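Note sheet for the following structure.
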Amino acid sequence: MSDLILESPALPLRTQRRPRRIRLGASLAIGFLTLVIVAALAPQLFAHGDPLAIVPRDAFHPPGWAHWFGTDQSGRDIYSRVIHGARLSLFVGLAATALAMSIAIVLGLLGGLGGLRTDRGVGWLLEILFAFPSLVLALLFVAIFGSGIGPLIIATGLGAAPGYARMVRGQVLAVRNAGYIEAARALGHPTRRIIWRQLLPNAMRPLIVTLTMGVGQAIVWASALSFLGLGARPPTPEWGTMLSMGRDFIANAWWLTFFPGLFIVLTTLSTTVAGRYLQQRLEGRLT
Amino acid sequence: MTTTSLTVSSPDPRRQRLIRLGRRAAVRLGGGLLVLWAVATLTFFALRLMPGDPVQAILGGPSGNPTPETIAEVTREYGLDRPLAVQYGLYLARLVQGDLGVSYSQHMPVTRVLAEQAGPTLELTLSALVLAWLLVLALTVFTAGRRSWVGRLASLAETLCAALPHFWLGIVLLAVFAFGLRLFPPAGSDGWRTLVLPTIALAVPLAGFIGQVTRESLELTLDQPFVLTARTRGLSDAAVRFKHALRHAVLPGVSLSGWAIGALISGAVVIEVIFSRRGLGRQLYQAVQLQDLPLTIGISLVVAAGYVLANILVDLVYQWIDPRQKETLA
């Protein structure tokens, strides 16, 4: 009862003050992300054109009614390419984040639950991975294993993994001595079951937000690598590759690079805004 | 700072702090050296596990066409006919002497390439770091904690900046200011005019990230009792913000600087390629493209060394600003 009294004066005031701004931003962000996901699953819904169709006499059309985002040096429709590019860009971002998180969970569990020595070892491994700036680590990986979509995903994932691993380890350490873990242990549940049913779900909860934002970051890093010509090969519709292809023509055809880049920016921005909204909801301080 | 009577009665706190700082620096440097050793070891074995003949890699990759004599010579010189452990020892010995091998795309020692290219990259990353912090201070100090449209607008600007990938920003800046308005040269690395656009492209996303963190901590700090005390002493709003709140509020931003340096180096690779600037980043990119392994590894190792050192430095600065940090052996 006392809790209610303490909280009630503060809550309505805050919800009155700025309810619309956050809802508006968050709904715009979630709306855009939904569009991108639908575009990735069914690009035909938005773009009827073939993203690879070459029409030489339509080359370098500026944005207009016929071609919303203009055409590139071979007359390919940029709008179709951006829409079709969502699939690969999103897939690379998701796969890289999933890989990074898997590595992070293994290392984090080892570090948080293993003995002192294992923890030191994990700490070491992380320090070594942390010694390289992420793009340098990715470039080193590409230098040794070659370029392409697979190495692109692995390189991006490896670059992001140490940061996540540090967070997972911290979470595991924070959760491992919680009451419900002790209760589960007292009930005689096997360790594996406790890890999967109690420890991981609780440790991962704060990381959901980081993951949402992480996908956006992974898309940016993967685009950077593609932009450097180390990812998907042209003329594959992929945002970073499109940027890289358009770079040679920025002096007279800005739309070749502007629109793919805009979609990268909007996707990152949306993941950030949506992630923050999620965070506020999870922490229960929705203002 | 304090009155003389206080400093006389207790051992000089400033000196004690310096001693503590020195001890921490030594511990961190030792740890950093160990990490670098591990990094070098890892790259050595990664290379040996790689498909392909290391002799060929040394002699110019697949394109090189060495004679049997040169192959034999290189095999002997690099000790490739000896056991792996001996090879590893030789590799480490070379590394300690500062011998990183010979770049086969440039036909000169990797260390010379590094010496030539490090300057422009340092120039670019440092100016970007300075500009980023200036932007952060300008954006946050005056607008934090004001529940007005100013604060919201600034906060929105930060989120937007943080979402801008530097490579896209670089291209847009290039299209608008170099090709459109012709205010700055589109490429090159001589003179301050070539530095302007790359610096902005690197600094703006960074400022977005640091700004978000700094704003949050500044808003928390402005609610602290000591800020109220300062205000009741009649200090102006600007003085409160700059002299009292800022010192506390920059802490998360400073601790983020270690990460920021990494982001700057990563960004420098892309930005140097876009603006055709000389520098380590573009050199690394070219080395990867030409499959010039000695150069790739040389640059990566040196960048890693610089990054580790910078992180140690950031840690020490952090402790200097915030003496409450307990000395921990991490």
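Following the order of the structure tokens, chains are lettered A, B, ..., residues in each are numbered from 1, and ligands are numbered from 1.
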Residues of chain B within 8 Å of chain A, counting only C-alpha atoms, as a PyMOL selection string: chain B and resi 35-36+38-39+46-47+50+159-160+163-165+167-168+171-172+174-175+179-180+262-263+265-267+270+285+288-289+291+293+296-297+300+303-305+307-308
Any chance you could export the current selection's C-alpha atoms as a CSV table (one decimal), in the first residue's frame?
```csv
chain,number,residue,atom,x,y,z
B,35,VAL,CA,48.7,-9.3,-24.0
B,36,LEU,CA,50.9,-8.2,-26.8
B,38,ALA,CA,49.9,-13.4,-26.7
B,39,VAL,CA,48.7,-11.4,-29.7
B,46,ALA,CA,47.4,-18.5,-37.3
B,47,LEU,CA,49.8,-18.0,-40.1
B,50,MET,CA,47.0,-21.1,-43.0
B,159,THR,CA,21.1,9.9,-31.3
B,160,LEU,CA,21.2,10.8,-34.9
B,163,ALA,CA,23.6,6.3,-35.9
B,164,LEU,CA,25.5,7.9,-38.8
B,165,PRO,CA,28.1,5.5,-40.2
B,167,PHE,CA,31.7,6.0,-44.3
B,168,TRP,CA,28.4,7.3,-45.4
B,171,ILE,CA,30.7,10.2,-48.9
B,172,VAL,CA,28.0,12.8,-48.2
B,174,LEU,CA,32.6,14.6,-50.1
B,175,ALA,CA,29.7,15.0,-52.5
B,179,PHE,CA,32.4,18.1,-55.4
B,180,GLY,CA,29.3,20.4,-55.0
B,262,GLY,CA,39.4,1.7,-31.2
B,263,ALA,CA,36.4,3.1,-33.1
B,265,ILE,CA,41.3,3.5,-35.7
B,266,SER,CA,38.6,1.3,-37.3
B,267,GLY,CA,37.0,4.4,-38.8
B,270,VAL,CA,37.5,3.5,-44.1
B,285,TYR,CA,43.4,-2.0,-46.5
B,288,VAL,CA,44.8,-7.0,-47.3
B,289,GLN,CA,43.7,-6.5,-50.9
B,291,GLN,CA,47.5,-10.2,-49.8
B,293,LEU,CA,50.9,-10.7,-45.3
B,296,THR,CA,49.1,-6.8,-42.8
B,297,ILE,CA,50.4,-8.4,-39.7
B,300,SER,CA,47.9,-5.0,-37.1
B,303,VAL,CA,48.0,-0.9,-34.1
B,304,ALA,CA,47.2,-3.4,-31.4
B,305,ALA,CA,50.2,-2.2,-29.4
B,307,TYR,CA,45.6,0.5,-28.8
B,308,VAL,CA,46.7,-1.4,-25.7
```
Hey, what's within 10 Å of Ala232 of chain A if we count only C-alpha atoms and toss same-chain stuff fewer than 4 positions away? As a short mmCIF file (atom, residue, chain, number, x, y, z; two decimals) with N, CA and C atoms, in the first residue's frame, please?
```
data_model
loop_
_atom_site.label_atom_id
_atom_site.label_comp_id
_atom_site.auth_asym_id
_atom_site.auth_seq_id
_atom_site.Cartn_x
_atom_site.Cartn_y
_atom_site.Cartn_z
N LEU A 88 19.96 -9.40 -47.55
CA LEU A 88 21.33 -9.78 -47.26
C LEU A 88 21.90 -8.97 -46.10
N SER A 89 21.61 -7.66 -46.10
CA SER A 89 22.15 -6.80 -45.05
C SER A 89 21.63 -7.24 -43.69
N SER A 147 37.84 -13.27 -48.56
CA SER A 147 36.62 -12.47 -48.42
C SER A 147 35.42 -13.25 -48.93
N GLY A 148 34.24 -12.68 -48.73
CA GLY A 148 32.98 -13.34 -49.10
C GLY A 148 31.98 -13.16 -47.99
N ILE A 149 30.76 -13.69 -48.19
CA ILE A 149 29.71 -13.50 -47.19
C ILE A 149 30.04 -14.23 -45.88
N GLY A 150 30.50 -15.49 -45.99
CA GLY A 150 30.82 -16.27 -44.79
C GLY A 150 31.86 -15.58 -43.92
N LEU A 152 32.69 -12.59 -44.00
CA LEU A 152 32.16 -11.29 -43.57
C LEU A 152 31.38 -11.44 -42.26
N ALA A 222 29.32 -4.60 -40.99
CA ALA A 222 29.35 -5.45 -42.18
C ALA A 222 29.31 -4.59 -43.43
N SER A 223 28.52 -3.49 -43.39
CA SER A 223 28.48 -2.59 -44.54
C SER A 223 29.84 -1.96 -44.75
N LEU A 225 32.73 -3.25 -44.10
CA LEU A 225 33.60 -4.24 -44.75
C LEU A 225 33.19 -4.43 -46.21
N SER A 226 31.89 -4.50 -46.47
CA SER A 226 31.43 -4.62 -47.84
C SER A 226 31.84 -3.40 -48.65
N PHE A 227 31.74 -2.23 -47.99
CA PHE A 227 32.12 -0.99 -48.64
C PHE A 227 33.57 -1.04 -49.08
N THR A 236 25.70 -7.84 -56.55
CA THR A 236 24.74 -8.31 -55.54
C THR A 236 24.09 -7.11 -54.86
N PRO A 237 22.76 -7.10 -54.74
CA PRO A 237 22.16 -5.99 -54.00
C PRO A 237 22.43 -6.14 -52.51
N GLU A 238 23.36 -5.38 -52.00
CA GLU A 238 23.64 -5.32 -50.56
C GLU A 238 24.05 -3.89 -50.30
N TRP A 239 23.58 -3.32 -49.18
CA TRP A 239 23.73 -1.88 -48.97
C TRP A 239 25.19 -1.43 -49.02
N GLY A 240 26.05 -2.14 -48.30
CA GLY A 240 27.45 -1.73 -48.28
C GLY A 240 28.09 -1.85 -49.65
N THR A 241 27.77 -2.94 -50.36
CA THR A 241 28.33 -3.12 -51.70
C THR A 241 27.84 -2.03 -52.65
N MET A 242 26.57 -1.65 -52.49
CA MET A 242 26.03 -0.59 -53.34
C MET A 242 26.76 0.73 -53.10
#
```
Pick from B:Ser255, B:Thr229, B:Ser155, B:Gln117 nearest to Leu139 of chain B, counting only C-alpha atoms: B:Ser155
Residue neighbourhood segment 315-320 of chain B, 12 Å, only C-alpha atoms, exclusion window fewer than 6 positions, as an NGL selection string: :B and (14 or 16-29 or 247-248 or 250-259 or 308-309 or 326-328 or 330)
Residue nearest Leu90 of chain A among A:Gly214, A:Gly121, A:Gly112, A:Pro206 (counting only C-alpha atoms):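 Going through A:Gly214, A:Gly121, A:Gly112, A:Pro206 one by one, the smallest distance to Leu90 of chain A is for A:Gly214.
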Polymer residues at most 10 Å from Ile194 of chain A, only C-alpha atoms, same-chain spacing of 2 or more positions, as number ranges by chain: A: 180-182, 184-185, 188-192, 196-200
Backbone-only DSSP, helix (DSSP H, G or I) members of segment 119-290 of chain B, as a ChimeraX atom specification: /B:119-140,149-163,166-180,193-221,225-232,237-274,280-289
Pick from A:Leu99, A:Leu109, A:Ala183, A:Leu173, whichever lies nearest to Ala155 of chain A using only C-alpha atoms: A:Leu99
For Pro205 of chain B: contacts at 8 Å, only C-alpha atoms, fewer than 2 positions along chain excluded, given as a list in words: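 Non-adjacent residues within range: Cys161, Ala162, Ala163, Leu164, Pro165, His166, Ala201, Leu202, Ala203, Ala207, Gly208 and Phe209 of chain B.
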All strand (DSSP E or B) positions in segment 19-155 of chain B, as a VMD selection string: chain B and resid 102 to 103 108 to 109
Separation of atom CA of Gly98 of chain B from atom CA of Asn311 of chain B in Å: 22.1 Å
